[in-house]
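Trainee: Contents of target.cif (mmCIF, C-alpha atoms):
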data_start
loop_
_atom_site.label_atom_id
_atom_site.label_comp_id
_atom_site.auth_asym_id
_atom_site.auth_seq_id
_atom_site.Cartn_x
_atom_site.Cartn_y
_atom_site.Cartn_z
CA MET A 29 -10.51 -29.80 24.15
CA LYS A 30 -13.32 -28.85 26.44
CA PHE A 31 -11.25 -25.94 27.67
CA LYS A 32 -10.57 -24.80 24.14
CA THR A 33 -14.29 -24.68 23.39
CA LEU A 34 -14.81 -22.69 26.51
CA LEU A 35 -12.26 -20.15 25.42
CA VAL A 36 -13.63 -19.81 21.96
CA GLY A 37 -16.97 -19.19 23.63
CA ALA A 38 -15.50 -16.52 25.83
CA THR A 39 -13.81 -14.78 22.95
CA ALA A 40 -16.95 -14.97 20.91
CA LEU A 41 -18.89 -13.42 23.72
CA LEU A 42 -16.39 -10.65 24.16
CA PHE A 43 -16.40 -9.65 20.56
CA ALA A 44 -19.58 -11.15 19.31
CA SER A 45 -20.95 -7.86 18.09
CA GLN A 46 -18.37 -7.28 15.42
CA ALA A 47 -15.43 -9.54 15.28
CA ALA A 48 -16.00 -13.03 16.53
CA ALA A 49 -12.70 -14.92 16.52
CA HIS A 50 -11.00 -12.42 14.27
CA ASN A 51 -7.48 -11.25 14.75
CA ARG A 52 -7.44 -7.63 15.77
CA TRP A 53 -4.65 -5.21 15.11
CA PHE A 54 -3.30 -1.71 14.83
CA LEU A 55 -1.42 -0.68 11.74
CA PRO A 56 0.38 2.64 12.10
CA SER A 57 1.44 4.51 8.97
CA HIS A 58 4.96 4.64 10.43
CA PHE A 59 6.80 2.73 13.12
CA ASN A 60 9.97 4.81 12.98
CA LEU A 61 10.22 8.48 12.17
CA SER A 62 12.86 11.17 12.04
CA ASN A 63 12.20 14.86 12.31
CA ASP A 64 13.37 18.00 14.06
CA LYS A 65 9.79 18.72 15.06
CA GLY A 66 6.74 16.60 15.92
CA GLU A 67 5.12 14.20 13.50
CA TRP A 68 1.62 12.94 12.74
CA VAL A 69 0.95 9.25 12.40
CA MET A 70 -2.28 7.61 11.29
CA VAL A 71 -3.26 4.27 12.72
CA ASP A 72 -5.69 1.74 11.26
CA VAL A 73 -7.70 -0.25 13.76
CA THR A 74 -9.44 -3.34 12.45
CA ALA A 75 -10.51 -6.89 13.11
CA SER A 76 -9.14 -8.97 10.29
CA ASN A 77 -7.54 -12.34 9.81
CA GLU A 78 -5.45 -11.01 6.94
CA ALA A 79 -2.28 -9.16 7.84
CA PHE A 80 -2.51 -6.34 6.85
CA ASN A 81 -5.69 -6.10 4.85
CA VAL A 82 -8.50 -4.50 6.78
CA ASP A 83 -11.82 -6.29 7.26
CA LYS A 84 -14.12 -5.02 10.02
CA PRO A 85 -13.94 -1.76 11.91
CA LEU A 86 -12.98 -1.91 15.52
CA GLY A 87 -13.93 0.99 17.74
CA ALA A 88 -10.79 2.90 18.61
CA GLU A 89 -12.29 4.93 21.46
CA LYS A 90 -10.45 2.90 24.03
CA MET A 91 -7.02 3.27 22.46
CA GLU A 92 -4.51 4.38 25.07
CA ILE A 93 -1.44 6.24 23.91
CA VAL A 94 1.46 6.52 26.32
CA ALA A 95 4.08 9.13 25.44
CA PRO A 96 7.80 8.64 26.15
CA ASP A 97 7.42 10.62 29.39
CA GLY A 98 4.71 8.21 30.58
CA LYS A 99 1.85 10.65 30.09
CA SER A 100 -1.30 9.84 28.15
CA VAL A 101 -1.80 11.41 24.76
CA PHE A 102 -5.18 11.82 23.14
CA PRO A 103 -5.75 11.15 19.45
CA GLY A 104 -6.19 14.15 17.18
CA SER A 105 -9.24 12.82 15.39
CA SER A 106 -10.71 9.54 14.33
CA TYR A 107 -12.99 8.06 11.76
CA ARG A 108 -14.88 4.80 11.72
CA GLY A 109 -15.47 3.32 8.31
CA HIS A 110 -16.95 0.02 7.23
CA ARG A 111 -13.65 -1.83 7.15
CA LYS A 112 -11.54 -0.02 9.71
CA SER A 113 -11.28 2.84 12.13
CA VAL A 114 -8.55 5.38 11.60
CA VAL A 115 -6.93 7.42 14.34
CA ASP A 116 -4.64 10.45 14.03
CA VAL A 117 -1.87 10.58 16.59
CA TYR A 118 0.55 13.47 17.08
CA LEU A 119 4.01 12.57 18.33
CA GLU A 120 5.31 15.69 19.96
CA ASN A 121 8.49 14.47 21.61
CA ASP A 122 11.41 12.21 20.79
CA GLY A 123 11.05 8.66 22.01
CA THR A 124 8.78 5.67 21.86
CA TYR A 125 4.99 5.88 22.06
CA GLN A 126 3.02 2.86 23.15
CA LEU A 127 -0.43 2.32 21.66
CA LYS A 128 -2.61 -0.15 23.47
CA MET A 129 -6.21 -1.23 23.68
CA GLY A 130 -7.57 -3.67 26.25
CA GLY A 131 -5.49 -5.89 28.47
CA GLU A 132 -7.34 -5.68 31.75
CA PRO A 133 -8.42 -9.14 32.95
CA LYS A 134 -12.11 -9.94 32.84
CA TYR A 135 -13.93 -12.82 34.43
CA TRP A 136 -16.38 -15.06 32.66
CA THR A 137 -18.21 -17.96 34.21
CA SER A 138 -19.71 -20.76 32.15
CA TYR A 139 -22.16 -23.40 33.27
CA LYS A 140 -24.65 -25.90 32.03
CA ILE A 141 -28.20 -26.38 33.07
CA LYS A 142 -30.70 -29.12 32.49
CA GLY A 143 -32.80 -28.63 29.40
CA GLU A 144 -30.21 -26.43 27.63
CA ASP A 145 -27.61 -28.08 25.38
CA LYS A 146 -25.51 -25.00 25.07
CA LYS A 147 -23.10 -23.74 27.60
CA GLN A 148 -24.32 -20.61 29.32
CA TRP A 149 -22.16 -17.60 30.17
CA LEU A 150 -22.10 -14.97 32.87
CA GLY A 151 -20.00 -11.88 32.22
CA ASN A 152 -18.16 -10.05 34.97
CA THR A 153 -18.51 -13.09 37.21
CA ASN A 154 -15.62 -14.58 39.11
CA LYS A 155 -15.19 -17.53 41.44
CA GLN A 156 -16.04 -15.44 44.47
CA ASN A 157 -19.26 -13.84 43.32
CA ARG A 158 -20.56 -16.55 41.02
CA GLU A 159 -22.54 -18.50 43.62
CA SER A 160 -25.04 -15.70 43.97
CA LYS A 161 -25.39 -15.32 40.21
CA LEU A 162 -25.64 -18.93 39.07
CA PRO A 163 -29.10 -20.42 38.63
CA LYS A 164 -30.15 -23.35 40.73
CA GLY A 165 -28.95 -26.67 39.39
CA ALA A 166 -26.07 -25.20 37.36
CA TYR A 167 -23.31 -27.74 36.74
CA ASP A 168 -19.93 -27.89 34.94
CA VAL A 169 -19.22 -24.45 36.35
CA ARG A 170 -15.88 -22.90 35.31
CA THR A 171 -14.58 -19.36 35.59
CA VAL A 172 -11.96 -18.00 33.23
CA GLU A 173 -9.76 -14.96 33.77
CA SER A 174 -9.26 -13.55 30.32
CA SER A 175 -7.24 -10.61 29.06
CA SER A 176 -6.79 -9.49 25.50
CA SER A 177 -4.88 -6.55 24.14
CA ILE A 178 -3.85 -4.95 20.88
CA GLN A 179 -0.66 -2.94 20.79
CA THR A 180 2.09 -1.33 18.81
CA TYR A 181 5.04 0.98 19.34
CA ILE A 182 5.98 4.06 17.35
CA THR A 183 9.33 5.80 17.70
CA LEU A 184 10.21 9.38 16.80
CA ASN A 185 13.99 9.84 16.61
CA SER A 186 15.79 8.09 19.48
CA PRO A 187 13.92 5.19 21.08
CA SER A 188 12.92 5.30 24.74
CA GLU A 189 11.85 2.51 27.04
CA ASN A 190 8.54 3.40 28.62
CA PHE A 191 7.51 -0.19 28.99
CA ALA A 192 5.47 -0.03 32.17
CA VAL A 193 3.49 -3.17 32.90
CA ASN A 194 0.40 -3.58 35.06
CA ASN A 195 1.29 -7.07 36.28
CA GLN A 196 -2.18 -8.16 35.27
CA GLY A 197 -3.04 -10.79 32.72
CA LEU A 198 -0.79 -11.59 29.78
CA GLU A 199 1.65 -8.79 28.99
CA PHE A 200 4.38 -8.16 26.47
CA VAL A 201 7.82 -7.08 27.67
CA PRO A 202 10.26 -6.04 24.96
CA VAL A 203 13.78 -7.30 25.36
CA THR A 204 14.80 -6.27 21.88
CA HIS A 205 13.29 -2.80 21.51
CA PRO A 206 10.29 -3.03 19.15
CA SER A 207 11.86 -0.32 16.99
CA ASP A 208 15.08 -2.29 16.76
CA VAL A 209 13.82 -5.46 15.13
CA ALA A 210 15.70 -5.82 11.87
CA GLN A 211 15.88 -8.24 9.01
CA GLY A 212 18.37 -11.02 9.69
CA GLU A 213 19.08 -10.03 13.30
CA GLU A 214 17.98 -12.08 16.27
CA ALA A 215 15.24 -10.45 18.36
CA LYS A 216 14.01 -11.43 21.82
CA PHE A 217 10.61 -10.75 23.38
CA LYS A 218 9.30 -11.74 26.77
CA PHE A 219 5.82 -12.50 28.08
CA ILE A 220 4.59 -12.34 31.63
CA TYR A 221 1.33 -13.44 33.20
CA ASN A 222 0.17 -11.59 36.33
CA GLY A 223 3.68 -10.17 36.54
CA LYS A 224 5.64 -13.42 36.30
CA PRO A 225 7.57 -14.77 33.29
CA GLU A 226 5.28 -17.29 31.65
CA SER A 227 6.42 -20.38 29.83
CA ASN A 228 4.27 -22.13 27.29
CA VAL A 229 2.83 -18.98 25.72
CA LYS A 230 2.12 -19.87 22.09
CA VAL A 231 3.38 -17.20 19.74
CA GLU A 232 2.66 -16.89 16.07
CA ILE A 233 4.36 -14.28 13.88
CA LEU A 234 2.60 -13.41 10.62
CA ARG A 235 4.30 -11.51 7.86
CA GLU A 236 2.25 -9.04 5.85
CA GLY A 237 1.14 -9.78 2.33
CA VAL A 238 -0.33 -13.26 2.74
CA ARG A 239 -2.86 -12.38 0.06
CA TYR A 240 -0.09 -12.43 -2.52
CA ARG A 241 1.62 -15.70 -1.70
CA ASN A 242 0.55 -19.31 -1.25
CA ASP A 243 2.44 -20.18 1.90
CA PRO A 244 1.62 -17.86 4.80
CA GLU A 245 5.10 -18.61 6.21
CA ASN A 246 3.98 -18.07 9.79
CA VAL A 247 6.62 -18.48 12.45
CA GLU A 248 5.43 -20.50 15.45
CA LEU A 249 7.18 -20.30 18.80
CA THR A 250 6.62 -21.12 22.45
CA THR A 251 8.05 -19.15 25.36
CA ASP A 252 10.72 -20.85 27.46
CA ALA A 253 10.94 -21.03 31.26
CA LYS A 254 11.98 -17.37 31.35
CA GLY A 255 8.98 -16.34 29.28
CA MET A 256 11.25 -15.62 26.32
CA ILE A 257 11.09 -16.18 22.61
CA SER A 258 13.88 -15.45 20.19
CA PHE A 259 13.55 -15.29 16.44
CA THR A 260 15.30 -14.04 13.35
CA LEU A 261 13.15 -12.69 10.53
CA GLU A 262 14.48 -13.23 7.05
CA HIS A 263 12.43 -10.47 5.45
CA ALA A 264 12.08 -6.81 6.26
CA GLY A 265 8.45 -5.81 6.54
CA ARG A 266 5.47 -5.50 8.84
CA TYR A 267 4.51 -8.32 11.15
CA LEU A 268 1.61 -9.27 13.37
CA LEU A 269 2.58 -11.20 16.47
CA ILE A 270 -0.19 -13.16 18.17
CA ALA A 271 0.57 -14.47 21.64
CA GLU A 272 -1.89 -16.76 23.35
CA PHE A 273 -1.78 -18.40 26.72
CA GLU A 274 -4.25 -20.76 28.30
CA GLN A 275 -3.84 -22.83 31.41
CA GLU A 276 -5.71 -24.16 34.36
CA ALA A 277 -5.23 -21.82 37.30
CA SER A 278 -3.34 -23.40 40.16
CA ASP A 279 -3.43 -20.69 42.75
CA ASN A 280 -6.04 -18.13 41.82
CA ALA A 281 -8.87 -17.05 44.07
CA LEU A 282 -10.96 -15.67 41.24
CA ALA A 283 -10.68 -18.15 38.37
CA ASP A 284 -10.37 -21.82 37.46
CA ASP A 285 -8.71 -21.13 34.13
CA LEU A 286 -6.40 -18.45 32.76
CA HIS A 287 -6.41 -17.02 29.28
CA GLY A 288 -4.45 -14.21 27.73
CA GLN A 289 -4.03 -12.90 24.22
CA ILE A 290 -1.89 -10.16 22.68
CA PHE A 291 -1.86 -8.79 19.16
CA LEU A 292 1.33 -6.84 18.59
CA THR A 293 2.19 -5.12 15.32
CA PHE A 294 5.81 -4.27 14.56
CA GLU A 295 8.16 -3.87 11.65
CA ALA A 296 11.44 -5.53 10.83
CA VAL A 297 13.64 -2.83 9.35
CA LEU A 298 15.64 -3.32 6.20
CA ASN A 299 19.24 -4.09 7.03
CA MET B 471 62.80 31.86 7.03
CA LYS B 472 64.50 28.55 6.53
CA VAL B 473 64.37 27.91 10.23
CA LYS B 474 60.65 28.59 10.26
CA VAL B 475 60.01 26.13 7.44
CA LEU B 476 62.07 23.53 9.23
CA PHE B 477 60.14 24.19 12.39
CA ILE B 478 56.83 23.74 10.58
CA MET B 479 58.17 20.56 9.01
CA PHE B 480 59.13 19.38 12.44
CA LEU B 481 55.65 20.09 13.79
CA TRP B 482 54.10 18.36 10.82
CA LEU B 483 56.24 15.26 11.25
CA GLY B 484 55.53 15.33 14.96
CA GLY B 485 51.83 15.47 14.20
CA MET B 486 52.18 12.52 11.86
CA ALA B 487 53.95 10.54 14.54
CA THR B 488 51.26 10.99 17.16
CA SER B 489 48.26 10.43 14.90
CA SER B 490 49.60 7.53 12.92
CA ALA B 491 46.13 6.32 11.99
CA ALA B 492 45.77 4.63 8.64
CA GLU B 493 44.23 6.61 5.81
CA LEU B 494 40.95 5.59 4.31
CA GLN B 495 40.06 6.66 0.80
CA LEU B 496 36.67 6.19 -0.73
CA SER B 497 36.16 6.92 -4.37
CA LEU B 498 32.38 6.96 -4.49
CA THR B 499 30.49 7.16 -7.75
CA LEU B 500 26.81 8.01 -7.76
CA PRO B 501 25.34 7.03 -11.12
CA SER B 502 23.29 9.46 -13.16
CA LYS B 503 19.69 8.49 -13.75
CA ALA B 504 17.22 9.36 -16.45
CA GLY B 505 14.00 11.19 -15.61
CA GLU B 506 13.06 12.72 -12.28
CA TYR B 507 16.14 12.86 -10.13
CA HIS B 508 16.54 13.91 -6.52
CA ASN B 509 20.00 13.88 -5.03
CA PRO B 510 20.40 10.79 -2.90
CA TYR B 511 20.84 10.77 0.85
CA VAL B 512 24.14 9.05 1.61
CA ALA B 513 25.64 7.66 4.79
CA VAL B 514 29.06 6.04 5.01
CA TRP B 515 30.14 4.53 8.30
CA LEU B 516 32.33 1.89 9.88
CA GLU B 517 31.07 -0.88 12.12
CA ASP B 518 33.23 -3.12 14.25
CA SER B 519 32.97 -6.89 14.00
CA SER B 520 30.05 -6.93 16.45
CA GLY B 521 28.02 -4.63 14.20
CA LYS B 522 28.43 -1.57 16.41
CA SER B 523 29.13 1.67 14.61
CA VAL B 524 32.50 3.19 15.48
CA ARG B 525 32.62 6.09 13.02
CA THR B 526 30.29 7.87 10.66
CA LEU B 527 32.36 9.22 7.80
CA VAL B 528 29.77 10.80 5.55
CA LEU B 529 26.21 12.07 5.88
CA TRP B 530 24.77 13.86 2.90
CA ARG B 531 21.21 14.85 3.58
CA GLU B 532 18.59 17.58 3.42
CA ARG B 533 15.50 17.44 5.65
CA ALA B 534 15.51 15.50 8.92
CA LYS B 535 12.14 14.02 7.94
CA TRP B 536 13.84 11.71 5.45
CA LEU B 537 16.82 10.65 7.56
CA LYS B 538 14.86 7.56 8.60
CA ASP B 539 15.01 6.36 5.01
CA ILE B 540 18.72 5.69 5.39
CA ARG B 541 17.38 2.62 7.12
CA ARG B 542 20.36 0.84 8.58
CA TRP B 543 22.35 3.92 9.44
CA TRP B 544 19.34 5.63 11.03
CA ARG B 545 18.47 2.64 13.21
CA LYS B 546 21.99 1.89 14.33
CA VAL B 547 23.54 5.33 14.45
CA GLY B 548 21.65 8.47 13.49
CA ARG B 549 18.64 8.33 15.76
CA LYS B 550 20.76 7.76 18.83
CA ASP B 551 23.13 10.68 18.47
CA ASN B 552 21.74 14.04 17.48
CA GLU B 553 25.04 15.86 17.99
CA LEU B 554 26.89 13.44 15.79
CA VAL B 555 24.30 13.94 13.06
CA ASP B 556 24.67 17.72 13.28
CA SER B 557 28.45 17.60 13.30
CA ILE B 558 28.86 15.45 10.21
CA THR B 559 25.95 16.65 8.10
CA SER B 560 26.55 18.16 4.71
CA ALA B 561 24.32 18.85 1.74
CA THR B 562 23.34 16.19 -0.75
CA ARG B 563 25.25 15.92 -4.01
CA ALA B 564 24.26 15.12 -7.55
CA ALA B 565 25.44 12.13 -9.56
CA GLY B 566 29.20 12.09 -10.02
CA ARG B 567 32.47 10.77 -8.68
CA TYR B 568 33.60 11.87 -5.24
CA GLN B 569 37.02 11.35 -3.72
CA LEU B 570 36.65 11.19 0.06
CA ASP B 571 39.64 10.89 2.39
CA PHE B 572 39.60 10.12 6.09
CA ASN B 573 41.93 9.13 8.88
CA ALA B 574 41.04 5.82 10.47
CA LEU B 575 39.71 7.41 13.64
CA ASP B 576 36.58 6.66 15.63
CA ASP B 577 33.82 9.17 16.38
CA ASP B 578 35.86 10.44 19.35
CA LYS B 579 38.90 11.05 17.08
CA ASP B 580 40.87 8.19 18.61
CA PRO B 581 42.75 5.92 16.19
CA LEU B 582 40.94 2.71 15.35
CA ALA B 583 42.57 -0.34 16.85
CA ALA B 584 43.80 -3.14 14.60
CA GLY B 585 41.01 -5.57 13.86
CA ASP B 586 38.03 -6.40 11.71
CA TYR B 587 35.62 -3.75 10.50
CA VAL B 588 32.87 -3.30 7.95
CA LEU B 589 32.61 -0.29 5.68
CA ASN B 590 28.93 0.54 5.09
CA VAL B 591 27.78 2.72 2.23
CA GLU B 592 24.01 3.33 2.18
CA VAL B 593 22.49 5.39 -0.61
CA VAL B 594 18.78 6.22 -0.75
CA ARG B 595 17.01 8.31 -3.34
CA GLU B 596 13.51 9.79 -3.27
CA ASN B 597 11.40 8.08 -5.92
CA GLY B 598 14.37 5.85 -6.50
CA GLY B 599 15.82 2.86 -4.73
CA ARG B 600 18.20 2.03 -1.97
CA GLY B 601 21.64 0.55 -2.28
CA ILE B 602 23.82 -0.72 0.51
CA ILE B 603 27.38 -1.99 0.47
CA LYS B 604 28.88 -3.84 3.41
CA GLN B 605 32.59 -4.31 2.75
CA LYS B 606 34.55 -6.23 5.36
CA PHE B 607 38.16 -5.25 5.93
CA THR B 608 40.91 -5.81 8.46
CA LEU B 609 42.95 -2.95 9.77
CA ASN B 610 46.37 -4.53 10.12
CA GLY B 611 48.84 -2.01 8.77
CA ALA B 612 48.81 -3.34 5.22
CA ASP B 613 47.78 -1.30 2.19
CA GLN B 614 44.58 -2.68 0.71
CA THR B 615 42.21 -1.83 -2.09
CA PHE B 616 38.65 -3.07 -2.45
CA THR B 617 36.40 -2.75 -5.45
CA LEU B 618 32.86 -2.04 -4.34
CA ALA B 619 30.42 -3.67 -6.74
CA ALA B 620 27.79 -1.49 -8.33
CA ASN B 621 24.21 -1.56 -7.13
CA SER B 622 21.09 0.31 -8.23
CA GLU B 623 22.16 3.51 -6.46
CA MET B 624 25.95 3.28 -6.62
CA ALA B 625 28.26 2.75 -9.56
CA LYS B 626 31.42 0.71 -9.12
CA SER B 627 33.47 2.44 -6.44
CA MET B 628 36.84 1.95 -4.74
CA PHE B 629 37.86 1.75 -1.12
CA THR B 630 41.55 2.03 -0.25
CA ILE B 631 43.36 1.69 3.05
CA LYS B 632 46.84 3.19 3.28
CA GLY B 633 49.54 3.38 5.85
CA SER B 634 50.51 1.81 9.08
CA LEU B 635 48.61 1.59 12.29
#
Could you render the structure as structure tokens?
Mentor:
Amino acid sequence: MKFKTLLVGATALLFASQAAAHNRWFLPSHFNLSNDKGEWVMVDVTASNEAFNVDKPLGAEKMEIVAPDGKSVFPGSSYRGHRKSVVDVYLENDGTYQLKMGGEPKYWTSYKIKGEDKKQWLGNTNKQNRESKLPKGAYDVRTVESSSSIQTYITLNSPSENFAVNNQGLEFVPVTHPSDVAQGEEAKFKFIYNGKPESNVKVEILREGVRYRNDPENVELTTDAKGMISFTLEHAGRYLLIAEFEQEASDNALADDLHGQIFLTFEAVLN
Amino acid sequence: MKVKVLFIMFLWLGGMATSSAAELQLSLTLPSKAGEYHNPYVAVWLEDSSGKSVRTLVLWRERAKWLKDIRRWWRKVGRKDNELVDSITSATRAAGRYQLDFNALDDDKDPLAAGDYVLNVEVVRENGGRGIIKQKFTLNGADQTFTLAANSEMAKSMFTIKGSL
């Protein structure tokens, strides 16, 4: 419970300016395209707890686009409105483009001090450098390694598998290709933490259109020993997958606790 | 002259003997619609019992940009094989009844083995809907006829299998 509060604190700190505790996601205009030349795609970037109704704009400056050949692609243009940012992306070649924002682990150290009820936070502070930064008399000191990313995959013509991972923090590894998730067919995804398959990652899959039904019908899953989840979606449509992992670190020189979060948008194709 | 005819007959029979694949006949009816009408994009293909496509029989399409709208066929077949798409493409057709005949061969022109298959007929129309038929059948040498129920984009159609394996 204590740990949970800590994490909420960390998340709040990270995104306090605009989107405390909101889900964050990309929504591309298309996930799968066909053409004998390149195609433009527009991507919404927002912090919103409603899939897929936009709420607060999220700066898209840090969006990384990896082309099928592994090279970085820069957005054509972008616009930041009051509810969302919009980014133009040109897909020049056949294959799968990965869109990603965030993901690199950051270190946050919390502590308490006499006379202050609230937990205090130090950004960019890990277990090794915290001693010099903490005030005298600090107690209940904990450091969390936290990574959070937003991602999606867009495929022009034949899919490719440019799924490079950094082996840092919580990462998504497709087993079923993200462009090959289809209504009524079993799909498998994998999650790794610092490069190793991670069990006990909590995964929630939200189907679009919650505004227009009473039951959100979220699918809740937990990764197995191989870091895998498998699921079969009854409805075609767009989905937001939220993966979250939190655990006490057992063998980590920089942190006492580990936290990772991924927001992945994908579609289940009509079958 | 007579000898020549006999010789041709002989060749023809010989040809029959080596490619003794069953015949597949699809009598496909695209219904006419009131108002704005764009010819539908149509794909007809066979999947084996594991859901893998073994033969695309028909692809009626115009611009590549809209191929993705033939959802199932595009995901499972079209996007993975550009050459196949080019080799089977023909222009879209208006509402009407079409008699389409094929040998039961796979994409490599080899006869299909006996076994279970699914005939898929996917019809998608701009500013219209999508209809898909998945008709299971078993290739076992027997003559068979299936009535394909109508959907929003396809009128009642017939699928017939003739001849031995």
Trainee: Find, counting all atoms listed in the file, the residue in B:Phe629, B:Phe572, B:Trp515, B:Trp544 that gets nearest to chain A.
Mentor: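 Once distances to chain A are computed over all atoms listed in the file, the minimum belongs to B:Trp544.
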Trainee: Can you give me, as JSON, numbers by chain, the residues this file yields under the PyMOL selection byres ((chain A) within 7 of (chain B))?
Mentor: {"A": [61, 62, 63, 64, 185, 186, 208, 297, 298, 299]}
Trainee: Name every residue that the PyMOL selection byres ((chain A and resi 55) around 12) selects in this structure, writing the answer as an MDAnalysis selection string with chains first and numbers rising.
Mentor: chainID A and resid 52:54 56:59 69:76 79:82 112:116 127:128 178:182 236 266:268 291:295
Trainee: Tell me, in Å to one decimal, how far atom CA of Val193 of chain A is from atom CA of Ala271 of chain A.
Mentor: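 So the answer is 16.2 Å.
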Trainee: Evaluate the PyMOL selection byres ((chain B and resi 496-501) around 6) and record the selected residues as a PyMOL selection string, following the chain and residue labels used in the document.
Mentor: chain B and resi 495+502+565-570+624-625+627-629
Trainee: Output C-alpha atoms for every residue in that selection, as a short mmCIF file (atom, residue, chain, number, x, y, z; two decimals), in the coordinates of the input.
Mentor:
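Output (out.cif):
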data_model
loop_
_atom_site.label_atom_id
_atom_site.label_comp_id
_atom_site.auth_asym_id
_atom_site.auth_seq_id
_atom_site.Cartn_x
_atom_site.Cartn_y
_atom_site.Cartn_z
CA GLN B 495 40.06 6.66 0.80
CA SER B 502 23.29 9.46 -13.16
CA ALA B 565 25.44 12.13 -9.56
CA GLY B 566 29.20 12.09 -10.02
CA ARG B 567 32.47 10.77 -8.68
CA TYR B 568 33.60 11.87 -5.24
CA GLN B 569 37.02 11.35 -3.72
CA LEU B 570 36.65 11.19 0.06
CA MET B 624 25.95 3.28 -6.62
CA ALA B 625 28.26 2.75 -9.56
CA SER B 627 33.47 2.44 -6.44
CA MET B 628 36.84 1.95 -4.74
CA PHE B 629 37.86 1.75 -1.12
#
Trainee: Within 8 Å of Glu92 of chain A, counting all atoms listed in the file, which residues show up once you throw out same-chain ones fewer than 2 positions away? Write them as a list in words, please.
Mentor: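 So the residues in contact are Lys90, Val94, Ser100, Val101, Phe102, Gln126, Leu127, Lys128 and Met129 of chain A.
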Trainee: Set the distance at 9 Å and use all atoms listed in the file: which residues neighbour segment 586-598 of chain B once local chain neighbours fewer than 2 positions away are removed? I'd like the list as a count of residues only.
Mentor: 40
Trainee: Neighbouring residues of segment 163-168 of chain A were defined as those with any atom within 6 Å, considering all atoms listed in the file; residues of the same chain fewer than 3 positions away were excluded. Please report them as an MDAnalysis selection string.
Mentor: chainID A and resid 139:141
Trainee: In Å, how far is it from atom CA of Lys216 of chain A to atom CA of Glu132 of chain A?
Mentor: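 Interatomic distance here is 24.2 Å.
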Trainee: Could you jot down the atom CA of Pro187 of chain A to atom CA of His205 of chain A separation for me, Å, one decimal place?
Mentor: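 Going from atom CA of Pro187 of chain A over to atom CA of His205 of chain A covers 8.0 Å.
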Trainee: Could you name the residues that touch Lys218 of chain A at 10 Å or less, counting all atoms listed in the file, but leaving out those on the same chain fewer than 2 positions away, as a ChimeraX atom specification?
Mentor: /A:199-204,216,220,225-227,229,251-252,254-258
Trainee: Residues around (6.6, 8.9, 27.4), cut-off 10 Å, counting all atoms listed in the file - what are they as number ranges by chain?
Mentor: A: 93-101, 121-126, 188-191
Trainee: Limited to C-alpha atoms, could you put the picked residues into a file as a PDB file, in the coordinates of the input?
Mentor:
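So result_38.pdb came out as:
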ATOM      1  CA  ILE A  93      -1.440   6.240  23.910  1.00  0.00           C
ATOM      2  CA  VAL A  94       1.460   6.520  26.320  1.00  0.00           C
ATOM      3  CA  ALA A  95       4.080   9.130  25.440  1.00  0.00           C
ATOM      4  CA  PRO A  96       7.800   8.640  26.150  1.00  0.00           C
ATOM      5  CA  ASP A  97       7.420  10.620  29.390  1.00  0.00           C
ATOM      6  CA  GLY A  98       4.710   8.210  30.580  1.00  0.00           C
ATOM      7  CA  LYS A  99       1.850  10.650  30.090  1.00  0.00           C
ATOM      8  CA  SER A 100      -1.300   9.840  28.150  1.00  0.00           C
ATOM      9  CA  VAL A 101      -1.800  11.410  24.760  1.00  0.00           C
ATOM     10  CA  ASN A 121       8.490  14.470  21.610  1.00  0.00           C
ATOM     11  CA  ASP A 122      11.410  12.210  20.790  1.00  0.00           C
ATOM     12  CA  GLY A 123      11.050   8.660  22.010  1.00  0.00           C
ATOM     13  CA  THR A 124       8.780   5.670  21.860  1.00  0.00           C
ATOM     14  CA  TYR A 125       4.990   5.880  22.060  1.00  0.00           C
ATOM     15  CA  GLN A 126       3.020   2.860  23.150  1.00  0.00           C
ATOM     16  CA  SER A 188      12.920   5.300  24.740  1.00  0.00           C
ATOM     17  CA  GLU A 189      11.850   2.510  27.040  1.00  0.00           C
ATOM     18  CA  ASN A 190       8.540   3.400  28.620  1.00  0.00           C
ATOM     19  CA  PHE A 191       7.510  -0.190  28.990  1.00  0.00           C
TER      20      PHE A 191
END
Trainee: Counting all atoms listed in the file, what is within 6 Å of Ala574 of chain B, bar same-chain residues fewer than 6 positions away, as a compact mmCIF listing (two decimals) with C-alpha atoms, keeping the file's coordinate frame?
Mentor:
# COMPACT_ATOMS: atom_id res chain seq x y z
CA ALA B 491 46.13 6.32 11.99
CA ALA B 492 45.77 4.63 8.64
CA GLU B 493 44.23 6.61 5.81
CA PRO B 581 42.75 5.92 16.19
CA LEU B 582 40.94 2.71 15.35
Trainee: Using all atoms listed in the file, can you tell me which of A:Ser177, A:Asn154, A:Ser138, A:Asn77 comes closest to Val238 of chain A?
Mentor: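 Nearest candidate to Val238 of chain A out of A:Ser177, A:Asn154, A:Ser138, A:Asn77: A:Asn77.
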